[in-house]
$ cat input.cif   # mmCIF, C-alpha atoms and all ligand atoms
data_data
#
loop_
_atom_site.label_atom_id
_atom_site.label_comp_id
_atom_site.auth_asym_id
_atom_site.auth_seq_id
_atom_site.Cartn_x
_atom_site.Cartn_y
_atom_site.Cartn_z
CA MET H 88 38.96 -30.88 86.91
CA SER H 89 38.71 -27.41 85.41
CA THR H 90 41.77 -25.70 83.95
CA LEU H 91 41.32 -22.97 86.54
CA ASP H 92 41.99 -25.37 89.39
CA SER H 93 45.65 -25.45 88.44
CA LEU H 94 46.04 -21.67 88.52
CA ALA H 95 46.59 -21.06 92.21
CA LEU H 96 49.40 -18.49 92.06
CA THR H 97 47.29 -15.60 93.31
CA ARG H 98 45.47 -15.93 96.55
CA ILE H 99 41.86 -14.91 96.36
CA PRO H 100 40.50 -14.64 99.93
CA ALA H 101 38.85 -17.83 101.19
CA GLU H 102 35.48 -16.15 101.79
CA ASP H 103 35.36 -15.17 98.10
CA GLU H 104 36.67 -18.54 96.86
CA ALA H 105 33.86 -20.14 98.85
CA LEU H 106 31.36 -19.02 96.21
CA ARG H 107 33.11 -20.95 93.42
CA ALA H 108 31.66 -24.40 94.08
CA GLU H 109 28.10 -23.06 94.30
CA VAL H 110 28.42 -21.10 91.04
CA ARG H 111 29.98 -24.06 89.23
CA ALA H 112 27.26 -26.44 90.39
CA PHE H 113 24.52 -23.99 89.39
CA LEU H 114 25.97 -23.43 85.90
CA GLN H 115 26.60 -27.11 85.25
CA GLU H 116 22.87 -27.66 85.73
CA ALA H 117 21.69 -24.42 84.06
CA ILE H 118 23.64 -24.87 80.81
CA ALA H 119 23.94 -28.65 80.76
CA ASP H 120 22.33 -28.81 77.30
CA LEU H 121 24.65 -26.33 75.58
CA PRO H 122 27.31 -27.98 73.41
CA ALA H 123 30.91 -26.75 73.65
CA HIS H 124 30.88 -24.90 70.31
CA ILE H 125 28.01 -22.75 71.64
CA ARG H 126 29.52 -22.40 75.13
CA ALA H 127 32.72 -21.17 73.44
CA ARG H 128 30.88 -17.86 72.83
CA SER H 129 30.71 -17.42 76.62
CA TRP H 130 30.38 -13.72 77.45
CA GLY H 131 29.65 -13.16 73.78
CA GLY H 132 26.67 -15.52 74.09
CA TYR H 133 23.25 -14.15 74.92
CA SER H 134 20.51 -15.48 77.18
CA SER H 135 18.26 -12.98 78.95
CA ALA H 136 16.62 -15.93 80.76
CA LEU H 137 19.96 -16.99 82.26
CA SER H 138 20.72 -13.38 83.20
CA ARG H 139 17.41 -13.18 85.08
CA ARG H 140 18.25 -16.39 86.96
CA LEU H 141 21.70 -15.05 87.84
CA GLY H 142 20.09 -11.79 88.94
CA ASP H 143 17.73 -13.76 91.22
CA LYS H 144 20.76 -15.49 92.75
CA GLY H 145 22.31 -12.07 93.50
CA TRP H 146 25.19 -12.73 91.11
CA ILE H 147 24.85 -9.60 89.00
CA GLY H 148 26.23 -6.41 90.52
CA ILE H 149 27.73 -8.45 93.31
CA THR H 150 30.23 -5.67 94.17
CA LEU H 151 27.63 -2.88 94.06
CA PRO H 152 26.20 -1.45 97.30
CA ARG H 153 23.28 -3.27 98.87
CA ALA H 154 21.41 0.05 99.00
CA TYR H 155 21.06 -0.17 95.19
CA GLY H 156 20.28 -3.87 95.04
CA GLY H 157 23.88 -5.04 94.74
CA GLY H 158 25.63 -7.73 96.75
CA GLY H 159 28.03 -5.48 98.69
CA ARG H 160 30.80 -8.05 98.21
CA SER H 161 34.44 -7.55 97.22
CA ALA H 162 35.91 -7.42 93.71
CA PHE H 163 37.48 -10.81 94.39
CA THR H 164 34.01 -12.34 94.75
CA ARG H 165 33.14 -10.96 91.33
CA TYR H 166 36.41 -12.30 89.98
CA VAL H 167 35.49 -15.81 91.11
CA LEU H 168 32.03 -15.49 89.56
CA VAL H 169 33.40 -14.22 86.26
CA GLU H 170 36.02 -16.95 86.07
CA GLU H 171 33.34 -19.58 86.54
CA TYR H 172 31.08 -18.01 83.90
CA LEU H 173 33.98 -18.06 81.46
CA ALA H 174 35.29 -21.50 82.36
CA CYS H 175 31.81 -23.04 81.96
CA GLY H 176 31.07 -20.96 78.86
CA ALA H 177 27.89 -19.49 80.31
CA PRO H 178 26.10 -17.20 77.82
CA VAL H 179 26.24 -14.13 80.04
CA GLY H 180 26.51 -11.49 77.30
CA SER H 181 23.17 -9.85 78.04
CA HIS H 182 24.16 -8.41 81.42
CA TRP H 183 27.94 -8.50 80.94
CA ILE H 184 28.58 -4.87 80.04
CA ALA H 185 26.07 -3.49 82.55
CA ASP H 186 27.69 -5.54 85.32
CA ARG H 187 31.29 -4.90 84.26
CA GLN H 188 31.26 -1.22 83.48
CA SER H 189 27.93 0.61 83.07
CA ALA H 190 26.61 0.13 86.61
CA PRO H 191 30.03 0.84 88.23
CA LEU H 192 30.27 3.96 86.03
CA ILE H 193 26.80 5.13 87.12
CA LEU H 194 27.74 4.41 90.73
CA LYS H 195 30.90 6.52 90.40
CA TYR H 196 29.65 9.47 88.36
CA GLY H 197 25.83 9.28 88.34
CA THR H 198 23.33 11.39 90.27
CA GLU H 199 21.43 9.81 93.15
CA ALA H 200 18.35 9.57 90.92
CA GLN H 201 20.34 7.78 88.18
CA LYS H 202 21.77 5.31 90.70
CA GLN H 203 18.33 4.54 92.10
CA PHE H 204 16.76 4.17 88.66
CA TYR H 205 19.33 2.05 86.83
CA ILE H 206 21.43 0.03 89.28
CA PRO H 207 18.69 -2.09 90.93
CA ARG H 208 17.39 -3.16 87.51
CA VAL H 209 20.90 -4.03 86.36
CA CYS H 210 21.31 -6.21 89.46
CA LYS H 211 18.06 -8.05 88.75
CA GLY H 212 19.18 -8.84 85.18
CA GLU H 213 16.44 -6.64 83.75
CA ALA H 214 18.35 -3.64 82.33
CA PHE H 215 21.06 -4.31 79.73
CA PHE H 216 23.59 -1.72 78.56
CA CYS H 217 25.87 -1.35 75.55
CA ILE H 218 28.96 0.79 74.99
CA GLY H 219 28.74 3.58 72.44
CA MET H 220 32.34 4.62 72.00
CA SER H 221 33.42 3.61 68.46
CA GLU H 222 32.34 5.53 65.38
CA PRO H 223 33.22 5.16 61.70
CA ASN H 224 36.51 7.07 61.30
CA ALA H 225 36.89 7.37 65.07
CA GLY H 226 37.47 3.83 66.33
CA SER H 227 40.82 3.90 68.08
CA ASP H 228 40.91 7.69 67.95
CA LEU H 229 38.04 8.20 70.39
CA ALA H 230 38.91 11.83 70.96
CA SER H 231 37.66 12.60 67.47
CA VAL H 232 34.08 11.33 68.00
CA LYS H 233 31.57 13.37 66.02
CA THR H 234 28.25 12.23 67.45
CA ARG H 235 26.89 15.35 69.05
CA ALA H 236 24.39 16.05 71.85
CA VAL H 237 23.34 19.69 71.60
CA PRO H 238 21.69 21.17 74.70
CA ASN H 239 18.12 22.45 74.22
CA ALA H 240 15.21 23.39 76.50
CA GLN H 241 14.23 19.72 77.09
CA GLY H 242 17.75 18.35 77.57
CA PHE H 243 19.89 17.38 74.55
CA VAL H 244 19.29 16.60 70.88
CA LEU H 245 21.44 13.70 69.72
CA ASN H 246 22.68 13.21 66.14
CA GLY H 247 25.36 10.91 64.75
CA GLN H 248 26.36 7.25 64.42
CA LYS H 249 28.06 4.58 66.50
CA ILE H 250 29.46 1.31 65.18
CA TRP H 251 30.61 -2.09 66.49
CA THR H 252 28.19 -1.72 69.41
CA THR H 253 28.01 -5.15 70.99
CA ASN H 254 24.43 -6.35 71.58
CA ALA H 255 22.81 -2.95 70.93
CA HIS H 256 19.86 -4.82 69.40
CA HIS H 257 19.24 -6.61 72.71
CA CYS H 258 19.90 -3.69 75.09
CA GLN H 259 17.60 -1.07 76.55
CA TYR H 260 20.37 1.49 77.11
CA MET H 261 23.64 2.74 75.67
CA ILE H 262 26.22 4.86 77.45
CA ALA H 263 27.51 6.95 74.57
CA LEU H 264 30.60 9.11 74.34
CA VAL H 265 29.46 12.25 72.53
CA ARG H 266 30.52 15.79 71.85
CA THR H 267 28.49 18.28 73.90
CA SER H 268 30.57 21.36 73.20
CA GLY H 269 33.40 22.55 70.96
CA THR H 270 34.52 20.81 67.75
CA SER H 271 36.19 17.47 66.98
CA GLU H 272 39.49 19.41 66.67
CA ASP H 273 39.23 20.11 70.42
CA ARG H 274 40.19 16.47 70.99
CA HIS H 275 39.74 15.65 74.69
CA GLN H 276 37.66 18.73 75.54
CA GLY H 277 33.91 18.98 75.09
CA LEU H 278 33.26 15.23 75.32
CA SER H 279 30.59 13.86 77.64
CA GLN H 280 28.86 10.58 78.36
CA VAL H 281 25.10 10.31 77.98
CA ILE H 282 22.70 7.48 78.73
CA VAL H 283 20.54 6.81 75.67
CA ASP H 284 17.27 4.90 75.96
CA LEU H 285 17.46 2.88 72.73
CA SER H 286 13.65 2.76 72.41
CA LEU H 287 13.47 6.54 71.81
CA PRO H 288 12.21 7.85 68.46
CA GLY H 289 15.08 8.54 66.07
CA VAL H 290 17.27 5.61 67.21
CA THR H 291 17.93 2.93 64.56
CA VAL H 292 19.89 -0.22 65.43
CA ARG H 293 21.22 -2.39 62.59
CA PRO H 294 23.08 -5.65 63.39
CA ILE H 295 26.29 -6.47 61.47
CA GLU H 296 27.13 -10.09 60.59
CA ASP H 297 30.66 -11.15 61.53
CA LEU H 298 33.06 -13.73 60.09
CA SER H 299 31.46 -16.61 62.02
CA GLY H 300 27.91 -15.68 60.94
CA ASP H 301 26.93 -14.23 64.34
CA SER H 302 25.31 -10.80 64.48
CA HIS H 303 26.28 -9.51 67.89
CA PHE H 304 27.60 -6.09 67.05
CA CYS H 305 25.61 -3.30 65.48
CA GLU H 306 25.52 0.07 63.81
CA VAL H 307 23.43 2.58 65.78
CA PHE H 308 22.09 5.75 64.18
CA PHE H 309 20.77 8.83 66.03
CA ASP H 310 18.49 11.15 64.10
CA ASN H 311 17.35 14.12 66.22
CA VAL H 312 16.89 11.95 69.31
CA GLN H 313 15.50 14.04 72.17
CA LEU H 314 17.24 13.16 75.44
CA GLY H 315 16.12 14.46 78.83
CA PRO H 316 18.43 16.64 80.98
CA ASP H 317 19.06 13.61 83.19
CA ALA H 318 20.73 11.77 80.26
CA LEU H 319 24.07 13.36 81.08
CA ILE H 320 26.21 11.13 83.24
CA GLY H 321 28.96 12.82 85.23
CA ALA H 322 30.04 16.32 84.33
CA GLU H 323 29.68 17.98 80.93
CA GLY H 324 33.08 17.96 79.21
CA GLN H 325 34.52 15.23 81.48
CA GLY H 326 33.75 12.38 79.06
CA TRP H 327 37.37 11.70 78.17
CA GLU H 328 38.48 11.16 81.79
CA GLN H 329 35.40 9.05 82.51
CA VAL H 330 35.86 6.89 79.44
CA THR H 331 39.55 6.19 80.06
CA ALA H 332 38.76 5.17 83.65
CA GLU H 333 35.93 2.95 82.35
CA LEU H 334 38.26 1.27 79.87
CA ALA H 335 40.44 0.02 82.73
CA PHE H 336 37.45 -2.09 83.86
CA GLU H 337 37.01 -3.34 80.30
CA ARG H 338 40.64 -4.24 79.70
CA SER H 339 41.85 -6.03 82.79
CA GLY H 340 39.23 -8.67 83.57
CA PRO H 341 39.48 -12.42 83.11
CA GLU H 342 37.56 -12.16 79.85
CA ARG H 343 40.79 -10.85 78.34
CA LEU H 344 42.54 -14.10 79.23
CA PHE H 345 39.89 -16.78 78.97
CA SER H 346 38.17 -16.21 75.61
CA SER H 347 39.61 -19.52 74.35
CA ILE H 348 39.25 -21.41 77.64
CA VAL H 349 36.26 -23.57 76.64
CA LEU H 350 38.23 -24.74 73.60
CA PHE H 351 41.32 -25.32 75.71
CA ASP H 352 39.33 -27.39 78.23
CA GLN H 353 37.69 -29.42 75.46
CA TRP H 354 41.06 -30.09 73.89
CA LEU H 355 42.60 -30.95 77.27
CA GLY H 356 39.80 -33.47 77.81
CA TYR H 357 40.78 -35.13 74.54
CA VAL H 358 44.52 -35.03 75.37
CA ARG H 359 43.70 -36.87 78.62
CA THR H 360 42.32 -39.83 76.62
CA PRO H 361 44.69 -42.63 75.47
CA GLN H 362 44.30 -41.74 71.76
CA GLY H 363 44.53 -38.00 72.40
CA ARG H 364 47.67 -38.00 74.51
CA THR H 365 50.93 -37.18 72.75
CA ASP H 366 54.19 -35.69 74.08
CA SER H 367 53.80 -32.55 72.01
CA ALA H 368 50.22 -32.02 73.22
CA VAL H 369 51.33 -32.34 76.86
CA ARG H 370 54.10 -29.79 76.17
CA LEU H 371 51.55 -27.43 74.61
CA ALA H 372 49.24 -27.76 77.64
CA GLY H 373 52.17 -26.81 79.88
CA LYS H 374 53.07 -23.87 77.66
CA VAL H 375 49.54 -22.46 77.83
CA LEU H 376 49.23 -22.91 81.59
CA THR H 377 52.60 -21.33 82.34
CA GLN H 378 51.46 -18.21 80.49
CA LEU H 379 47.94 -18.22 81.88
CA ALA H 380 48.97 -18.44 85.54
CA PRO H 381 51.08 -15.26 85.77
CA LEU H 382 48.66 -13.37 83.55
CA ARG H 383 45.82 -14.28 85.86
CA ALA H 384 47.89 -13.07 88.82
CA MET H 385 48.41 -9.74 87.03
CA SER H 386 44.74 -9.46 86.21
CA VAL H 387 43.74 -10.11 89.85
CA SER H 388 46.15 -7.44 91.07
CA VAL H 389 44.68 -4.90 88.62
CA GLN H 390 41.24 -5.74 89.99
CA GLU H 391 42.48 -4.96 93.46
CA LYS H 392 43.78 -1.56 92.32
CA LEU H 393 40.44 -0.82 90.69
CA THR H 394 38.62 -1.53 93.93
CA GLN H 395 40.94 0.81 95.79
CA GLY H 396 39.66 3.56 93.49
CA ALA H 397 42.88 3.73 91.44
CA SER H 398 42.84 3.96 87.63
CA PRO H 399 45.50 1.41 86.57
CA ILE H 400 45.20 2.31 82.90
CA VAL H 401 48.67 1.16 81.79
CA GLU H 402 48.55 -2.05 83.84
CA ALA H 403 45.14 -2.87 82.37
CA ALA H 404 46.52 -2.27 78.86
CA LEU H 405 49.40 -4.63 79.65
CA VAL H 406 47.04 -7.39 80.83
CA LYS H 407 44.86 -7.02 77.76
CA GLU H 408 47.74 -6.99 75.29
CA LEU H 409 49.41 -10.08 76.82
CA GLY H 410 46.07 -11.77 77.48
CA THR H 411 44.73 -11.45 73.95
CA THR H 412 48.06 -12.68 72.56
CA LEU H 413 47.58 -15.86 74.60
CA GLU H 414 43.90 -16.10 73.67
CA GLN H 415 44.88 -16.00 70.00
CA MET H 416 47.78 -18.41 70.42
CA ILE H 417 45.51 -21.13 71.89
CA PRO H 418 43.29 -21.82 68.82
CA ALA H 419 46.27 -21.53 66.45
CA ALA H 420 48.34 -24.03 68.49
CA ILE H 421 45.41 -26.42 68.97
CA ALA H 422 44.70 -26.34 65.22
CA GLU H 423 48.33 -27.24 64.56
CA ASP H 424 48.11 -30.10 67.05
CA LEU H 425 44.81 -31.51 65.76
CA PHE H 426 45.60 -31.20 62.07
CA ALA H 427 48.70 -33.34 62.59
CA ARG H 428 46.47 -36.24 63.72
CA GLU H 429 44.25 -38.76 61.96
CA ALA H 430 40.96 -36.92 61.30
CA GLU H 431 38.75 -39.77 62.53
CA ASP H 432 40.45 -39.75 65.97
CA VAL H 433 39.43 -36.17 66.75
CA PRO H 434 35.96 -35.58 68.28
CA VAL H 435 33.69 -33.58 65.95
CA GLU H 436 32.51 -31.31 68.78
CA LEU H 437 36.13 -30.36 69.48
CA LEU H 438 36.61 -29.46 65.80
CA MET H 439 33.40 -27.38 65.79
CA THR H 440 34.59 -25.52 68.88
CA LEU H 441 37.98 -24.95 67.25
CA LYS H 442 36.26 -23.60 64.13
CA TYR H 443 34.23 -21.05 66.10
CA VAL H 444 37.14 -19.86 68.28
CA THR H 445 39.45 -19.62 65.26
CA GLU H 446 36.90 -17.43 63.46
CA ALA H 447 36.31 -15.26 66.53
CA SER H 448 39.95 -14.90 67.56
CA PRO H 449 40.98 -12.01 65.25
CA SER H 450 38.50 -9.84 67.17
CA PHE H 451 40.12 -10.57 70.56
CA SER H 452 42.88 -8.01 69.94
CA LEU H 453 40.47 -5.45 68.45
CA ARG H 454 37.55 -5.21 70.90
CA GLY H 455 38.26 -3.03 73.91
CA GLY H 456 41.17 -1.31 72.16
CA THR H 457 43.49 -2.50 69.42
CA ARG H 458 46.92 -4.01 69.97
CA ASP H 459 48.77 -1.03 68.46
CA ILE H 460 46.95 1.44 70.70
CA LEU H 461 47.63 -0.63 73.84
CA ARG H 462 51.31 -0.98 72.96
CA GLY H 463 51.47 2.79 72.51
CA MET H 464 49.94 3.28 75.97
CA ILE H 465 52.36 0.79 77.54
CA ALA H 466 55.33 2.51 75.87
CA ARG H 467 54.11 5.85 77.20
CA GLY H 468 53.67 4.33 80.67
CA LEU H 469 57.29 3.13 80.53
CA GLY H 470 58.44 6.62 79.56
CA LEU H 471 59.44 5.46 76.06
CA ARG H 472 57.20 7.86 74.13
C1 LIG Z 501 33.93 -8.11 68.61
C2 LIG Z 501 34.00 -6.61 68.77
C3 LIG Z 501 33.14 -5.98 69.64
C4 LIG Z 501 33.20 -4.59 69.79
N1 LIG Z 501 32.30 -3.99 70.65
C5 LIG Z 501 32.32 -2.65 70.77
C6 LIG Z 501 31.35 -2.01 71.60
O1 LIG Z 501 30.50 -2.65 72.22
N2 LIG Z 501 31.36 -0.66 71.67
C7 LIG Z 501 32.27 0.10 71.00
O2 LIG Z 501 32.24 1.32 71.12
N3 LIG Z 501 33.21 -0.49 70.19
C8 LIG Z 501 33.24 -1.84 70.07
N4 LIG Z 501 34.16 -2.45 69.26
C9 LIG Z 501 35.04 -1.61 68.48
C10 LIG Z 501 36.48 -1.72 68.83
O3 LIG Z 501 36.77 -1.29 70.09
C11 LIG Z 501 37.14 -0.95 67.69
O4 LIG Z 501 37.14 -1.88 66.61
C12 LIG Z 501 38.48 -0.48 67.97
O5 LIG Z 501 38.43 0.55 68.91
C13 LIG Z 501 39.20 -0.08 66.68
O6 LIG Z 501 38.50 0.82 65.92
P1 LIG Z 501 38.35 0.63 64.33
O7 LIG Z 501 37.77 -0.71 64.09
O8 LIG Z 501 37.61 1.83 63.81
O9 LIG Z 501 39.83 0.60 63.75
P2 LIG Z 501 40.88 1.83 63.54
O10 LIG Z 501 40.87 2.67 64.76
O11 LIG Z 501 40.53 2.46 62.22
O12 LIG Z 501 42.21 1.03 63.47
C14 LIG Z 501 42.63 0.29 62.32
C15 LIG Z 501 44.07 -0.17 62.57
O13 LIG Z 501 44.94 0.96 62.69
C16 LIG Z 501 45.61 0.93 63.94
N5 LIG Z 501 45.72 2.29 64.49
C17 LIG Z 501 44.71 3.19 64.59
N6 LIG Z 501 45.18 4.32 65.16
C18 LIG Z 501 46.49 4.11 65.45
C19 LIG Z 501 47.52 4.89 66.06
N7 LIG Z 501 47.28 6.12 66.51
N8 LIG Z 501 48.74 4.35 66.19
C20 LIG Z 501 49.01 3.09 65.76
N9 LIG Z 501 48.08 2.29 65.15
C21 LIG Z 501 46.85 2.80 65.01
C22 LIG Z 501 44.74 0.10 64.85
O14 LIG Z 501 45.47 -0.48 65.90
C23 LIG Z 501 44.22 -0.96 63.88
O15 LIG Z 501 45.15 -1.98 63.71
C24 LIG Z 501 34.14 -3.83 69.07
C25 LIG Z 501 35.02 -4.47 68.18
C26 LIG Z 501 34.94 -5.84 68.02
C27 LIG Z 501 35.88 -6.49 67.04
#

$ encode --input "input.cif" --output "structure tokens" --more "lines below"
Ligand SMILES: Cc1cc2nc3c(=O)[nH]c(=O)nc-3n(C[C@H](O)[C@H](O)[C@H](O)COP(=O)(O)OP(=O)(O)OC[C@H]3O[C@@H](n4cnc5c(N)ncnc54)[C@H](O)[C@@H]3O)c2cc1C
Amino acid sequence: MSTLDSLALTRIPAEDEALRAEVRAFLQEAIADLPAHIRARSWGGYSSALSRRLGDKGWIGITLPRAYGGGGRSAFTRYVLVEEYLACGAPVGSHWIADRQSAPLILKYGTEAQKQFYIPRVCKGEAFFCIGMSEPNAGSDLASVKTRAVPNAQGFVLNGQKIWTTNAHHCQYMIALVRTSGTSEDRHQGLSQVIVDLSLPGVTVRPIEDLSGDSHFCEVFFDNVQLGPDALIGAEGQGWEQVTAELAFERSGPERLFSSIVLFDQWLGYVRTPQGRTDSAVRLAGKVLTQLAPLRAMSVSVQEKLTQGASPIVEAALVKELGTTLEQMIPAAIAEDLFAREAEDVPVELLMTLKYVTEASPSFSLRGGTRDILRGMIARGLGLR
């Protein structure tokens, strides 16, 4: 039984739930050979081959219109898919950002030509996107981005630097938040989003090694990169509004609750064995599940608001802040439980999975917006600031 089976507080419509068994069966076969400590990377893991297979199944862009190669299904269908990817630990990082936010952003703000060019390839698992928001000295303070796209006769000339760009070295495209007019003192004005083809001359991508030895995020440098006029996505100067709406997609999904779920499932498997079962471990399992269930219900309800075209920015911040707190509590509590036992009783694979998740967990409350920033947004939403 998967952990998710016990989280039935929120009702996802039966026609969407119906997909779950098929996805689970497919993944169990497709990633049968991946050990838990690799599966623990989940949406941080990368396999373009798996993305292609999922694209062939119609499981990328499942909520996007059929006219652009999408599945035309509801957000709840996507929720089921995403939960299964996370619960199985499927390495879905290659298409994750394109599916979660780039293609929906292009659908909402893009021109007809942009929709026709990018979305079908996203849905096939052939076009991968990364997010170019953060810059050195402008991480949380996005309004002060300095990367600049200056209009010229051929379109725009791009200069500047992005940092912490997940999977830029594997992606064909970045949607970058850049300044197209005014100065960085103008804050929210003069910002725009542009689509950057990362193969263009003048683009340099340099991976950065993280604490666990993985190199998934990158520095990206732009040196007089010539972009076409069709690089602009949405309206010039509307980048701030577009980016804050986009962040609601990034902050509310199940990936903000389930980053430690492969570890939790592995540990639960051990706790179900005679030598693994202790009273304190059973209490810990209950503690995790009683936090996970209402958080999942909140996350599902934010998804529903997103599909109604609303921008539940504060609610999404709330889900992410509470979700990452739980995601970080899980490896810490499991470490405490396992280190109190006889070392030879604990399966090595479980310890390797714990090691990876422990090393990755500080980033859970950084990526997608730091804890302090989210708490500030929640306070403002409550009228406290
Ligand atoms: C694994 C991972 C993947 C990432 N992927 C991407 C990506 O694909 N694309 C992308 O654009 N970015 C990405 N990021 C960047 C991430 O979103 C930034 O790290 C984040 O926005 C913070 O920016 P910073 O690191 O420059 O820290 P800073 O903004 O310098 O913050 C440092 C500390 O100061 C606090 N702080 C800053 N300003 C305030 C304030 N006004 N009030 C209170 N406290 C404040 C912060 O909360 C934080 O604790 C990723 C980060 C990680 C860890």

$ residues_around --input "input.cif" --residues "range 337-351 of chain H" --least-positions-apart "6" --cutoff "9 Å" --atoms "all atoms listed in the file" --output "PyMOL selection string"
chain H and resi 90+123-124+126-130+166+169-170+173-176+184+187-188+372+375+379+382-383+385-387+389-390+400+402-415+417-418+421+437+440-441+444+448+451+455-456

$ axis_aligned_box --input "input.cif" --around "ligand LIG 501 (chain Z)" --padding-each-side "6 Å" --output "lines of an AutoDock Vina configuration file"
center_x = 39.8
center_y = -1.0
center_z = 67.2
size_x = 30.5
size_y = 26.2
size_z = 22.0

$ residues_near_ligand --input "input.cif" --ligand "ligand LIG 501 (chain Z)" --cutoff "7 Å" --atoms "all atoms listed in the file" --output "ChimeraX atom specification"
/H:217-228,250-253,304,450-451,453-460

$ atom_distance --input "input.cif" --atom1 "CA of Arg428 in chain H" --atom2 "CA of Thr365 in chain H"
10.1 Å

$ residues_around --input "input.cif" --residues "range 246-249 of chain H" --least-positions-apart "5" --cutoff "7 Å" --atoms "all atoms listed in the file" --output "MDAnalysis selection string"
chainID H and resid 219:222 233:236 306:312

$ closest_residue --input "input.cif" --among "H:Ile147, H:Ala322, H:Ile465, H:Val110" --to "Gly159 in chain H" --atoms "all atoms listed in the file"
H:Ile147

$ closest_residue --input "input.cif" --among "H:Ala318, H:Leu471, H:Glu423, H:Trp327" --to "Leu371 in chain H" --atoms "all atoms listed in the file"
H:Glu423

$ atom_distance --input "input.cif" --atom1 "CA of Ile282 in chain H" --atom2 "CA of Ile262 in chain H"
4.6 Å

$ residues_near_point --input "input.cif" --point "(27.0, -11.7, 73.3)" --cutoff "6 Å" --atoms "all atoms listed in the file" --output "ChimeraX atom specification"
/H:130-133,180,303

$ atom_distance --input "input.cif" --atom1 "CA of Leu151 in chain H" --atom2 "CA of Thr164 in chain H"
11.4 Å

$ closest_residue --input "input.cif" --among "H:Leu298, H:Gly324, H:Ala332, H:Asn239" --to "Thr445 in chain H" --atoms "all atoms listed in the file"
H:Leu298

$ closest_residue --input "input.cif" --among "H:Val330, H:Arg111, H:Phe336, H:Leu278" --to "Asp186 in chain H" --atoms "only C-alpha atoms"
H:Phe336

$ closest_residue --input "input.cif" --among "H:Ala420, H:Ala430, H:Leu168, H:Gly321" --to "Ser367 in chain H" --atoms "only C-alpha atoms"
H:Ala420

$ closest_residue --input "input.cif" --among "H:Ala154, H:Leu393, H:Leu229, H:Ala112" --to "Glu199 in chain H" --atoms "all atoms listed in the file"
H:Ala154

$ residues_near_point --input "input.cif" --point "(14.4, 19.3, 82.3)" --cutoff "10 Å" --atoms "all atoms listed in the file" --output "MDAnalysis selection string"
chainID H and resid 239:243 314:317

$ residues_around --input "input.cif" --residues "Phe215 in chain H" --least-positions-apart "3" --cutoff "7 Å" --atoms "only C-alpha atoms" --output "list in words"
Ser181, His182, Ala185, Val209, Cys258, Gln259 and Tyr260 of chain H

$ decode --input "input.cif" --residues "range 409-418 of chain H" --atoms "N, CA, C and O atoms" --output "compact mmCIF listing (two decimals), in the first residue's frame"
# COMPACT_ATOMS: atom_id res chain seq x y z
N LEU H 409 3.90 25.57 4.94
CA LEU H 409 3.57 24.44 5.81
C LEU H 409 4.12 23.13 5.22
O LEU H 409 4.60 22.26 5.95
N GLY H 410 4.01 23.01 3.90
CA GLY H 410 4.45 21.77 3.24
C GLY H 410 5.94 21.54 3.39
O GLY H 410 6.38 20.44 3.73
N THR H 411 6.74 22.59 3.18
CA THR H 411 8.19 22.38 3.27
C THR H 411 8.62 22.14 4.72
O THR H 411 9.60 21.44 4.97
N THR H 412 7.85 22.70 5.66
CA THR H 412 8.16 22.43 7.08
C THR H 412 8.00 20.93 7.35
O THR H 412 8.84 20.30 8.00
N LEU H 413 6.92 20.35 6.82
CA LEU H 413 6.70 18.91 6.98
C LEU H 413 7.77 18.11 6.23
O LEU H 413 8.33 17.14 6.77
N GLU H 414 8.07 18.54 5.01
CA GLU H 414 9.08 17.83 4.21
C GLU H 414 10.44 17.81 4.92
O GLU H 414 11.22 16.88 4.75
N GLN H 415 10.72 18.86 5.66
CA GLN H 415 12.00 18.90 6.38
C GLN H 415 11.93 18.15 7.70
O GLN H 415 12.94 17.64 8.18
N MET H 416 10.73 18.10 8.28
CA MET H 416 10.58 17.37 9.54
C MET H 416 10.78 15.86 9.32
O MET H 416 11.36 15.17 10.18
N ILE H 417 10.33 15.35 8.17
CA ILE H 417 10.35 13.90 7.95
C ILE H 417 11.77 13.31 8.03
O ILE H 417 12.01 12.40 8.83
N PRO H 418 12.76 13.82 7.25
CA PRO H 418 14.10 13.22 7.39
C PRO H 418 14.71 13.40 8.78
O PRO H 418 15.40 12.50 9.28
